[in-house]
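With mmCIF, C-alpha atoms and all ligand atoms inside, this is my_file-v7.cif:
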```cif
data_run
#
loop_
_atom_site.label_atom_id
_atom_site.label_comp_id
_atom_site.auth_asym_id
_atom_site.auth_seq_id
_atom_site.Cartn_x
_atom_site.Cartn_y
_atom_site.Cartn_z
CA MET A 1 204.72 45.78 48.33
CA GLU A 2 201.01 44.91 48.40
CA GLN A 3 200.29 41.22 49.00
CA VAL A 4 198.87 39.43 45.93
CA ARG A 5 196.19 36.83 46.64
CA PHE A 6 196.58 34.07 44.10
CA ALA A 7 195.06 30.72 43.09
CA VAL A 8 196.52 27.67 41.39
CA ILE A 9 194.74 25.58 38.75
CA GLY A 10 196.30 22.11 38.51
CA ALA A 11 197.75 20.77 41.76
CA GLY A 12 200.12 18.23 40.22
CA PHE A 13 203.90 18.29 40.27
CA MET A 14 204.52 21.84 39.05
CA GLY A 15 201.35 23.43 40.47
CA SER A 16 202.22 22.14 43.94
CA LEU A 17 205.79 23.37 43.71
CA LEU A 18 204.75 26.83 42.51
CA ALA A 19 201.92 27.18 45.03
CA ARG A 20 204.27 26.40 47.92
CA ILE A 21 206.94 28.77 46.59
CA GLY A 22 204.47 31.60 45.97
CA HIS A 23 202.80 31.12 49.33
CA ALA A 24 206.16 31.43 51.11
CA LEU A 25 206.89 34.81 49.49
CA PRO A 26 206.21 37.81 51.74
CA TYR A 27 204.17 39.56 49.05
CA ALA A 28 202.00 36.67 47.80
CA CYS A 29 199.47 34.39 49.42
CA CYS A 30 197.89 31.25 47.92
CA VAL A 31 194.22 31.35 48.89
CA ALA A 32 192.69 28.70 46.59
CA VAL A 33 193.62 25.56 44.67
CA ALA A 34 191.59 23.80 41.97
CA ASP A 35 192.19 20.34 40.56
CA VAL A 36 189.80 17.89 38.91
CA ASP A 37 191.41 15.39 41.26
CA GLY A 38 189.80 16.65 44.47
CA GLY A 39 192.24 14.73 46.68
CA ARG A 40 195.24 16.49 45.13
CA ALA A 41 193.56 19.87 45.53
CA GLN A 42 192.93 19.16 49.20
CA VAL A 43 196.49 18.04 49.96
CA LEU A 44 197.95 21.20 48.43
CA ALA A 45 195.28 23.48 49.91
CA ARG A 46 196.10 22.11 53.38
CA GLN A 47 199.79 22.91 52.89
CA CYS A 48 198.98 26.52 51.95
CA GLU A 49 195.99 26.97 54.31
CA ALA A 50 193.96 27.64 51.17
CA THR A 51 190.51 26.46 49.98
CA ALA A 52 190.30 23.40 47.72
CA TYR A 53 188.03 23.16 44.66
CA ARG A 54 187.45 20.54 41.99
CA ASP A 55 186.12 23.03 39.45
CA TYR A 56 188.22 26.10 38.68
CA ARG A 57 185.14 27.98 37.40
CA ASP A 58 183.51 27.55 40.77
CA MET A 59 186.75 28.73 42.43
CA LEU A 60 187.02 31.82 40.24
CA LYS A 61 183.39 32.72 41.00
CA ARG A 62 183.83 32.49 44.75
CA GLU A 63 187.37 33.72 45.39
CA GLN A 64 188.75 37.23 45.04
CA VAL A 65 192.20 36.65 43.56
CA GLY A 66 194.57 38.98 41.73
CA ALA A 67 196.64 36.29 40.01
CA VAL A 68 196.31 32.69 38.85
CA ILE A 69 198.97 30.06 38.16
CA VAL A 70 197.88 27.66 35.41
CA ALA A 71 199.67 24.32 35.81
CA THR A 72 197.27 21.93 34.11
CA PRO A 73 198.59 19.46 31.48
CA GLU A 74 200.15 21.07 28.39
CA PHE A 75 197.11 20.62 26.10
CA ASP A 76 194.73 21.99 28.74
CA HIS A 77 195.96 25.56 29.40
CA ARG A 78 193.48 27.45 27.23
CA GLU A 79 190.17 27.15 29.09
CA PRO A 80 191.52 27.76 32.62
CA ALA A 81 193.67 30.66 31.35
CA LEU A 82 190.74 32.29 29.54
CA ALA A 83 188.43 31.90 32.51
CA ALA A 84 191.00 33.48 34.85
CA ALA A 85 191.85 36.35 32.46
CA GLN A 86 188.14 37.09 32.03
CA GLN A 87 187.95 37.53 35.82
CA GLY A 88 190.70 40.16 35.52
CA CYS A 89 193.47 37.96 36.96
CA HIS A 90 197.15 38.24 36.05
CA LEU A 91 198.40 34.93 34.67
CA PHE A 92 201.45 32.76 35.14
CA VAL A 93 201.02 29.92 32.63
CA GLU A 94 203.40 26.98 32.73
CA LYS A 95 205.45 26.15 29.63
CA PRO A 96 204.63 25.37 26.89
CA LEU A 97 202.12 28.25 26.69
CA ALA A 98 199.81 25.83 24.84
CA THR A 99 200.03 23.01 22.33
CA THR A 100 198.42 24.83 19.39
CA LEU A 101 199.03 28.34 18.07
CA ASP A 102 195.28 28.90 18.16
CA ASP A 103 195.23 28.24 21.92
CA ALA A 104 198.33 30.42 22.44
CA ASP A 105 196.72 33.30 20.52
CA ALA A 106 193.49 32.96 22.49
CA ILE A 107 195.38 33.16 25.81
CA ILE A 108 197.44 36.16 24.67
CA LYS A 109 194.28 37.95 23.42
CA ALA A 110 192.33 37.22 26.60
CA CYS A 111 195.07 38.81 28.73
CA SER A 112 195.44 41.73 26.36
CA ASP A 113 191.65 42.35 26.35
CA ALA A 114 191.56 42.14 30.14
CA GLY A 115 194.68 44.32 30.54
CA THR A 116 196.35 41.68 32.70
CA GLN A 117 199.94 40.42 32.78
CA LEU A 118 200.83 37.13 31.11
CA MET A 119 204.06 35.38 32.02
CA VAL A 120 205.06 31.95 30.67
CA GLY A 121 207.06 29.61 32.91
CA HIS A 122 210.29 29.49 30.91
CA ILE A 123 212.27 28.86 34.04
CA LEU A 124 215.76 28.82 32.46
CA ARG A 125 215.64 32.59 32.09
CA PHE A 126 215.86 32.65 35.89
CA GLU A 127 218.66 30.10 36.12
CA SER A 128 221.83 32.17 36.69
CA GLY A 129 224.07 30.26 34.24
CA TYR A 130 221.66 30.64 31.31
CA ALA A 131 221.01 34.29 32.17
CA MET A 132 224.78 34.95 32.28
CA LEU A 133 225.16 33.53 28.76
CA LYS A 134 222.51 35.99 27.61
CA GLN A 135 224.42 38.86 29.24
CA ALA A 136 227.67 37.89 27.50
CA ILE A 137 225.95 37.56 24.10
CA GLU A 138 224.20 40.93 24.54
CA SER A 139 227.44 42.59 25.62
CA GLY A 140 229.10 41.45 22.39
CA ASN A 141 231.70 39.24 24.11
CA ILE A 142 231.48 36.43 21.56
CA GLY A 143 231.01 38.63 18.52
CA ARG A 144 228.36 37.55 16.06
CA PHE A 145 226.22 34.56 17.12
CA LEU A 146 227.00 31.60 14.86
CA SER A 147 225.57 28.52 16.52
CA ALA A 148 224.31 26.97 19.74
CA TYR A 149 224.08 23.39 20.91
CA ALA A 150 221.86 22.33 23.82
CA ARG A 151 221.41 18.97 25.44
CA ARG A 152 218.55 18.16 27.82
CA ASN A 153 218.01 14.49 28.55
CA THR A 154 216.11 13.20 31.58
CA PRO A 155 215.62 9.79 33.14
CA ILE A 156 212.83 7.55 31.84
CA SER A 157 210.95 8.08 35.12
CA GLU A 158 209.83 11.48 33.77
CA ALA A 159 208.38 9.87 30.62
CA ARG A 160 206.63 7.28 32.79
CA ARG A 161 205.21 9.97 35.10
CA LEU A 162 203.56 11.72 32.15
CA ALA A 163 202.37 8.41 30.69
CA GLY A 164 202.43 9.35 27.01
CA ARG A 165 200.39 12.58 27.20
CA VAL A 166 203.15 14.68 25.59
CA SER A 167 206.38 14.24 23.62
CA PRO A 168 209.86 15.19 24.88
CA VAL A 169 210.09 17.96 22.25
CA THR A 170 206.91 19.68 23.48
CA TYR A 171 207.63 19.00 27.16
CA ILE A 172 211.43 19.32 27.46
CA ALA A 173 213.00 20.87 24.33
CA VAL A 174 210.78 23.95 24.63
CA HIS A 175 213.04 25.07 27.52
CA ASP A 176 216.17 25.32 25.36
CA ILE A 177 214.25 26.55 22.31
CA ASP A 178 213.18 29.53 24.42
CA GLN A 179 216.87 30.08 25.29
CA PHE A 180 217.96 29.90 21.63
CA LEU A 181 215.34 32.49 20.67
CA TRP A 182 216.27 34.68 23.64
CA TYR A 183 219.99 34.50 22.83
CA HIS A 184 219.47 35.06 19.12
CA PRO A 185 216.30 37.10 18.50
CA VAL A 186 216.34 36.67 14.73
CA THR A 187 213.49 35.19 12.64
CA VAL A 188 213.57 31.40 12.38
CA LYS A 189 213.67 30.27 8.77
CA ALA A 190 213.46 26.49 8.99
CA VAL A 191 213.21 23.65 11.49
CA SER A 192 214.09 20.01 10.93
CA ALA A 193 214.05 17.21 13.47
CA LYS A 194 214.44 13.46 13.70
CA ALA A 195 213.39 11.20 16.54
CA VAL A 196 214.55 7.77 17.67
CA ARG A 197 212.40 5.11 19.28
CA GLY A 198 213.53 2.79 22.08
CA GLN A 199 212.29 1.76 25.52
CA VAL A 200 209.98 4.80 25.94
CA TRP A 201 208.36 4.12 22.59
CA GLU A 202 207.78 0.48 23.50
CA GLU A 203 206.12 1.43 26.79
CA LEU A 204 204.32 4.69 26.02
CA LYS A 205 204.34 5.31 22.25
CA THR A 206 206.18 8.60 22.55
CA TYR A 207 209.66 8.73 21.03
CA ASP A 208 212.71 8.50 23.29
CA PHE A 209 215.13 11.11 21.96
CA ALA A 210 215.12 13.71 19.20
CA TRP A 211 217.59 16.00 17.44
CA ILE A 212 216.26 19.38 16.37
CA THR A 213 218.01 21.80 14.00
CA ILE A 214 216.86 25.40 13.81
CA GLU A 215 218.06 27.61 10.98
CA PHE A 216 217.78 31.38 11.43
CA GLU A 217 217.28 33.92 8.62
CA ASP A 218 220.89 35.13 9.02
CA GLY A 219 222.28 31.60 8.58
CA ALA A 220 222.94 30.95 12.28
CA LEU A 221 222.12 27.47 13.60
CA ALA A 222 220.83 26.02 16.86
CA VAL A 223 220.79 22.30 17.54
CA GLU A 224 219.17 20.49 20.43
CA GLU A 225 219.53 16.94 21.62
CA VAL A 226 216.55 16.12 23.82
CA GLY A 227 214.94 13.09 25.33
CA TRP A 228 213.83 11.15 28.36
CA GLY A 229 215.31 7.70 27.91
CA LEU A 230 218.15 7.85 30.45
CA PRO A 231 218.04 4.93 32.89
CA GLU A 232 216.06 5.41 36.12
CA THR A 233 219.31 4.96 38.05
CA TRP A 234 220.37 8.41 36.75
CA ALA A 235 218.25 9.90 39.54
CA GLY A 236 216.82 6.91 41.33
CA TRP A 237 218.19 7.29 44.86
CA ALA A 238 216.12 7.13 48.04
CA SER A 239 218.30 9.21 50.34
CA PRO A 240 218.54 12.02 51.22
CA ALA A 241 214.83 12.32 50.43
CA SER A 242 215.25 16.08 49.97
CA TRP A 243 217.67 15.60 47.04
CA GLY A 244 215.92 15.70 43.69
CA GLY A 245 217.54 14.32 40.55
CA PHE A 246 217.81 16.08 37.24
CA GLY A 247 219.31 15.17 33.86
CA ASP A 248 222.15 15.45 31.41
CA VAL A 249 222.14 19.15 30.52
CA GLN A 250 224.44 21.46 28.55
CA MET A 251 224.43 24.64 26.48
CA ASN A 252 227.26 25.68 24.17
CA VAL A 253 227.20 28.93 22.20
CA ILE A 254 229.75 29.82 19.53
CA GLY A 255 230.29 33.28 18.08
CA THR A 256 232.81 34.85 15.74
CA GLN A 257 234.96 35.94 18.69
CA GLY A 258 234.30 33.54 21.49
CA VAL A 259 232.51 30.59 23.00
CA LEU A 260 230.24 30.15 26.02
CA ASN A 261 229.94 26.81 27.70
CA LEU A 262 227.43 25.83 30.37
CA ASN A 263 227.49 22.36 31.84
CA LEU A 264 224.91 21.33 34.45
CA THR A 265 225.91 17.65 34.41
CA PRO A 266 226.56 17.65 37.33
CA MET A 267 225.18 20.96 38.59
CA ASN A 268 227.89 21.31 41.25
CA VAL A 269 227.32 18.58 43.82
CA MET A 270 228.41 15.00 43.18
CA ALA A 271 228.16 12.22 45.69
CA CYS A 272 228.82 8.50 45.80
CA ASP A 273 227.47 6.36 48.62
CA ARG A 274 225.89 2.92 49.14
CA GLU A 275 223.24 3.71 46.51
CA GLY A 276 225.82 4.73 43.89
CA TRP A 277 226.54 8.06 42.20
CA LYS A 278 224.21 11.01 42.74
CA LEU A 279 224.04 14.25 40.74
CA PRO A 280 221.34 16.26 42.54
CA ASP A 281 219.50 19.38 41.34
CA THR A 282 221.11 22.27 43.17
CA ARG A 283 219.69 25.09 41.05
CA HIS A 284 216.19 24.61 39.65
CA TRP A 285 214.17 23.80 42.78
CA PRO A 286 216.51 22.53 45.52
CA ASN A 287 215.04 22.20 49.00
CA LEU A 288 216.43 24.79 51.42
CA ASN A 289 215.24 24.89 55.04
CA GLY A 290 212.15 22.89 54.08
CA LYS A 291 211.21 25.22 51.19
CA PRO A 292 211.84 25.04 47.45
CA ALA A 293 214.40 27.62 46.26
CA GLY A 294 216.43 28.17 43.10
CA ALA A 295 215.23 29.34 39.68
CA ALA A 296 211.62 28.31 40.38
CA ARG A 297 211.53 30.72 43.29
CA LEU A 298 213.22 33.49 41.30
CA GLU A 299 210.72 33.22 38.43
CA LEU A 300 207.76 33.51 40.79
CA GLU A 301 209.34 36.42 42.66
CA HIS A 302 209.66 38.12 39.29
CA PHE A 303 206.05 37.35 38.38
CA PHE A 304 204.63 38.74 41.62
CA GLU A 305 206.89 41.81 41.42
CA CYS A 306 205.60 42.49 37.89
CA VAL A 307 202.02 42.06 39.09
CA ALA A 308 202.53 44.43 42.02
CA GLN A 309 204.43 47.07 40.06
CA GLY A 310 202.67 46.78 36.69
CA ASP A 311 205.91 45.83 34.88
CA THR A 312 206.11 43.57 31.81
CA PRO A 313 207.61 40.16 32.68
CA VAL A 314 210.92 38.95 31.22
CA VAL A 315 208.98 36.12 29.51
CA THR A 316 205.87 37.37 27.71
CA GLY A 317 203.02 35.57 25.98
CA ALA A 318 204.63 36.49 22.63
CA ASP A 319 207.86 34.75 23.76
CA GLY A 320 205.89 31.65 24.72
CA ARG A 321 204.17 31.67 21.33
CA ARG A 322 207.47 31.97 19.41
CA SER A 323 208.93 28.94 21.24
CA LEU A 324 205.73 27.01 20.65
CA GLU A 325 205.86 27.76 16.93
CA VAL A 326 209.34 26.17 16.73
CA VAL A 327 208.23 23.21 18.87
CA LEU A 328 205.27 22.60 16.55
CA ALA A 329 207.52 22.85 13.49
CA ALA A 330 209.88 20.26 15.05
CA GLU A 331 206.93 17.93 15.74
CA GLN A 332 205.71 18.40 12.17
CA SER A 333 209.21 17.71 10.85
CA ILE A 334 209.42 14.46 12.85
CA ALA A 335 205.94 13.33 11.78
CA GLY A 336 206.40 14.21 8.11
CA ASP A 337 210.14 13.48 7.80
CA CYS A 338 210.61 16.89 6.20
CA THR A 339 212.08 20.34 6.77
CA VAL A 340 209.47 22.85 7.90
CA TYR A 341 209.87 26.42 6.61
CA LEU A 342 208.41 29.24 8.72
CA HIS A 343 207.28 32.75 7.72
CA HIS A 344 207.17 32.20 3.95
N1 LIG A 401 209.03 24.52 34.40
C1 LIG A 401 209.32 23.25 34.52
O1 LIG A 401 210.47 22.87 34.66
C2 LIG A 401 208.19 22.24 34.46
C3 LIG A 401 208.36 20.97 35.05
C4 LIG A 401 207.27 20.08 35.00
C5 LIG A 401 206.10 20.45 34.37
N2 LIG A 401 205.98 21.68 33.80
C6 LIG A 401 204.74 22.09 33.10
O2 LIG A 401 203.74 22.31 34.10
C7 LIG A 401 202.45 21.94 33.60
C8 LIG A 401 201.86 20.85 34.50
O3 LIG A 401 202.70 19.72 34.46
P1 LIG A 401 202.84 18.72 35.69
O4 LIG A 401 204.07 17.94 35.46
O5 LIG A 401 202.68 19.47 36.97
O6 LIG A 401 201.57 17.81 35.44
P2 LIG A 401 200.78 16.90 36.50
O7 LIG A 401 200.10 15.84 35.72
O8 LIG A 401 201.70 16.52 37.61
O9 LIG A 401 199.70 17.91 37.09
C9 LIG A 401 198.63 18.41 36.33
C10 LIG A 401 197.42 18.51 37.27
O10 LIG A 401 196.37 19.18 36.60
C11 LIG A 401 195.14 18.54 36.96
N3 LIG A 401 194.15 18.89 35.93
C12 LIG A 401 194.01 18.38 34.68
N4 LIG A 401 193.02 19.01 34.02
C13 LIG A 401 192.53 19.94 34.87
C14 LIG A 401 191.49 20.90 34.79
N5 LIG A 401 190.78 21.08 33.68
N6 LIG A 401 191.24 21.67 35.88
C15 LIG A 401 191.96 21.54 37.01
N7 LIG A 401 192.95 20.64 37.15
C16 LIG A 401 193.23 19.86 36.09
C17 LIG A 401 195.48 17.07 37.04
O11 LIG A 401 194.54 16.36 37.82
C18 LIG A 401 196.86 17.14 37.71
O12 LIG A 401 196.79 17.09 39.12
C19 LIG A 401 202.69 21.46 32.15
O13 LIG A 401 202.48 22.53 31.27
C20 LIG A 401 204.16 21.05 32.18
O14 LIG A 401 204.77 21.04 30.91
C21 LIG A 401 207.00 22.58 33.86
#
```
Translate the structure described by the file into structure tokens.
Amino acid sequence: MEQVRFAVIGAGFMGSLLARIGHALPYACCVAVADVDGGRAQVLARQCEATAYRDYRDMLKREQVGAVIVATPEFDHREPALAAAQQGCHLFVEKPLATTLDDADAIIKACSDAGTQLMVGHILRFESGYAMLKQAIESGNIGRFLSAYARRNTPISEARRLAGRVSPVTYIAVHDIDQFLWYHPVTVKAVSAKAVRGQVWEELKTYDFAWITIEFEDGALAVEEVGWGLPETWAGWASPASWGGFGDVQMNVIGTQGVLNLNLTPMNVMACDREGWKLPDTRHWPNLNGKPAGAARLELEHFFECVAQGDTPVVTGADGRRSLEVVLAAEQSIAGDCTVYLHH
């Protein structure tokens, strides 16, 4: 397969992870990194033997790249994505695709006009357990889909890291919302959500936890419990340094003829030592032989394969937009204390 030269815009947590994963693939090579924080760009560029830039426009002018990973903050995907698409680059845009439908539409249109691929980083589609639930639903094993329940709660350290720039519904719940819509591709009729305020609210003025109910046109329901108010001790260990923490995560799907149950709390390794209990991430981006592996690697392999072979990715811009629409309805429901009806 032809090697794809790619660039990363946004060298923070996710951009760094994805750049290192992509660069380690035999058929991709990270040649440039842009971040408004020049120091961050340089650190990542050094790791990938790439060139660092502060300004992504400057980078896109100077570098010949076939693909760009956009990993800037949630509300800042539009301009970098448009600039890259206009240069004819294939795009991997982190989730959520954007934070407004207008931005999402502009990104989708820019890629369509340029004839380039657009994949959104809904990583759970590449996590084997979630993908196996999809297979069982599609194969008819549980009969007609009736309801799903998802839980995704993370430690408060994640809320503190993002310092109030985004809510847990837009940042975290979008993962499971994408799964609900993937498992049950039926029009969403209504969304209602309530949020509770605790320690995170006091520190950062974003709510701590929320409950979201999605009602589909056929009467099926999906409910998500989401938040980032778990204590830091949930994933606060120092050793081994290569062990990353995760959260309290489940997915339960009920049909007329069966049930599917996925429990990633713990993922499959539990330990107890002088620091206490540890439930490390063994599946999303565990460290193997000094390199990140897991679902994050699988999603990028898929992206670069689609780029090289001209295939449509498993997660399209339209998928990212649909999840965003439900996220925005949930945010509106929380803010207005009302049920939000879609497509009427
Ligand atoms: N798939 C996942 O599981 C997952 C996990 C974490 C974050 N994310 C997503 O990844 C994206 C990035 O999140 P993060 O946690 O890495 O954020 P981050 O704050 O760690 O990194 C964002 C980086 O973008 C840089 N930046 C901001 N504006 C820029 C601009 N205009 N041009 C260039 N650089 C700019 C910042 O300086 C920062 O280094 C978000 O959409 C987030 O929701 C996904």
>> Need the shell around Ala220 of chain A: protein/DNA/RNA residues with any atom at most 12 Å away, counting all atoms listed in the file. Skip same-chain ones fewer than 6 positions apart. Format as a list in words?
In response: Arg144, Phe145, Leu146, Ser147, Ala148, Tyr149, Phe180, Leu181, Tyr183, His184, Pro185, Val186, Thr187, Val188, Lys189, Ala190, Thr213, Ile214, Val253, Ile254, Gly255 and Thr256 of chain A
Report as JSON the centre and the edge lengths, in Å to one decimal, of the axis-aligned box holding every listed atom of ligand LIG 401 (chain A), padded by 4 Å on each side.
```
{"center_x": 200.6, "center_y": 20.2, "center_z": 35.0, "size_x": 27.7, "size_y": 16.7, "size_z": 16.2}
```
> Which of these residues is nearest to Glu202 of chain A, using only C-alpha atoms: A:Leu124, A:Glu331, A:Ala159, A:Arg152?
Replying inline: A:Ala159
>> Could you list, as a PyMOL selection string, all protein and nucleic acid residues with an atom at most 7 Å from ligand LIG 401 (chain A), counting only C-alpha atoms and all ligand atoms?
In response: chain A and resi 9-15+34-37+40+54-56+71-74+76+80+94-96+121-123+162+171
>> Let me make sure I understand: among A:Asn153, A:Asn289, A:Ser167, A:Thr116, which one has the smallest atom-to-atom distance to Gln250 of chain A if we use only C-alpha atoms?
In response: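 Going through A:Asn153, A:Asn289, A:Ser167, A:Thr116 one by one, the smallest distance to Gln250 of chain A is for A:Asn153.
Residues lying within 10 Å of Glu49 of chain A, counting only C-alpha atoms and ignoring same-chain neighbours fewer than 6 positions away, are His23, Cys29, Cys30, Val31, Ala32, Gln42 and Val43 of chain A.
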> Neighbours of segment 335-337 of chain A within 12 Å (only C-alpha atoms; same-chain residues fewer than 3 positions away dropped), as JSON, numbers by chain?
Replying inline: {"A": [167, 191, 192, 193, 194, 195, 196, 206, 207, 210, 328, 329, 330, 331, 332, 340]}
>> I'd like the contact shell of Lys205 of chain A - 12 Å cut-off, all atoms listed in the file, skipping same-chain residues fewer than 3 positions apart - returned as a list of chain:residue names.
In response: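 Near Lys205 of chain A, the qualifying residues are A:Ala159, A:Arg160, A:Leu162, A:Ala163, A:Gly164, A:Arg165, A:Val166, A:Ser167, A:Pro168, A:Val196, A:Arg197, A:Gly198, A:Gln199, A:Val200, A:Trp201, A:Glu202, A:Asp208.
Considering the residues A:Asp102, A:Ser239, A:Arg46, A:Val120 and counting all atoms listed in the file, Val70 of chain A has its shortest atom-to-atom contact with A:Val120.
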> For the atom pair atom CA of Ala295 of chain A and atom CA of Arg283 of chain A, what is the interatomic distance in Å to one decimal place?
Replying inline: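 Separation of atom CA of Ala295 of chain A and atom CA of Arg283 of chain A: 6.3 Å.
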> Separation of atom CA of Met251 of chain A and atom CA of His175 of chain A, in Å?
Replying inline: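 For atom CA of Met251 of chain A relative to atom CA of His175 of chain A, the distance reads 11.4 Å.
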> When you draw a straight line from atom CA of Arg125 of chain A to atom CA of Gln179 of chain A, how long is it in Å?
Replying inline: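 Between atom CA of Arg125 of chain A and atom CA of Gln179 of chain A the gap is 7.4 Å.
Residue nearest Asn263 of chain A within the list A:Gly129, A:Gly229, A:Gly22, A:Gly245: A:Gly129 [criterion: smallest interatomic distance, only C-alpha atoms].
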>> If we draw a sphere of 9 Å around (201.9, 30.8, 20.8), which residues have at least one atom in it when counting only C-alpha atoms? Please report them as a list in words.
In response: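 Residues close enough to count: Pro96, Leu97, Ala98, Thr99, Thr100, Leu101, Asp102, Asp103, Ala104, Asp105, Ala106, Ile107, Ile108, Gly317, Ala318, Asp319, Gly320, Arg321, Arg322, Ser323, Leu324 and Glu325 of chain A.
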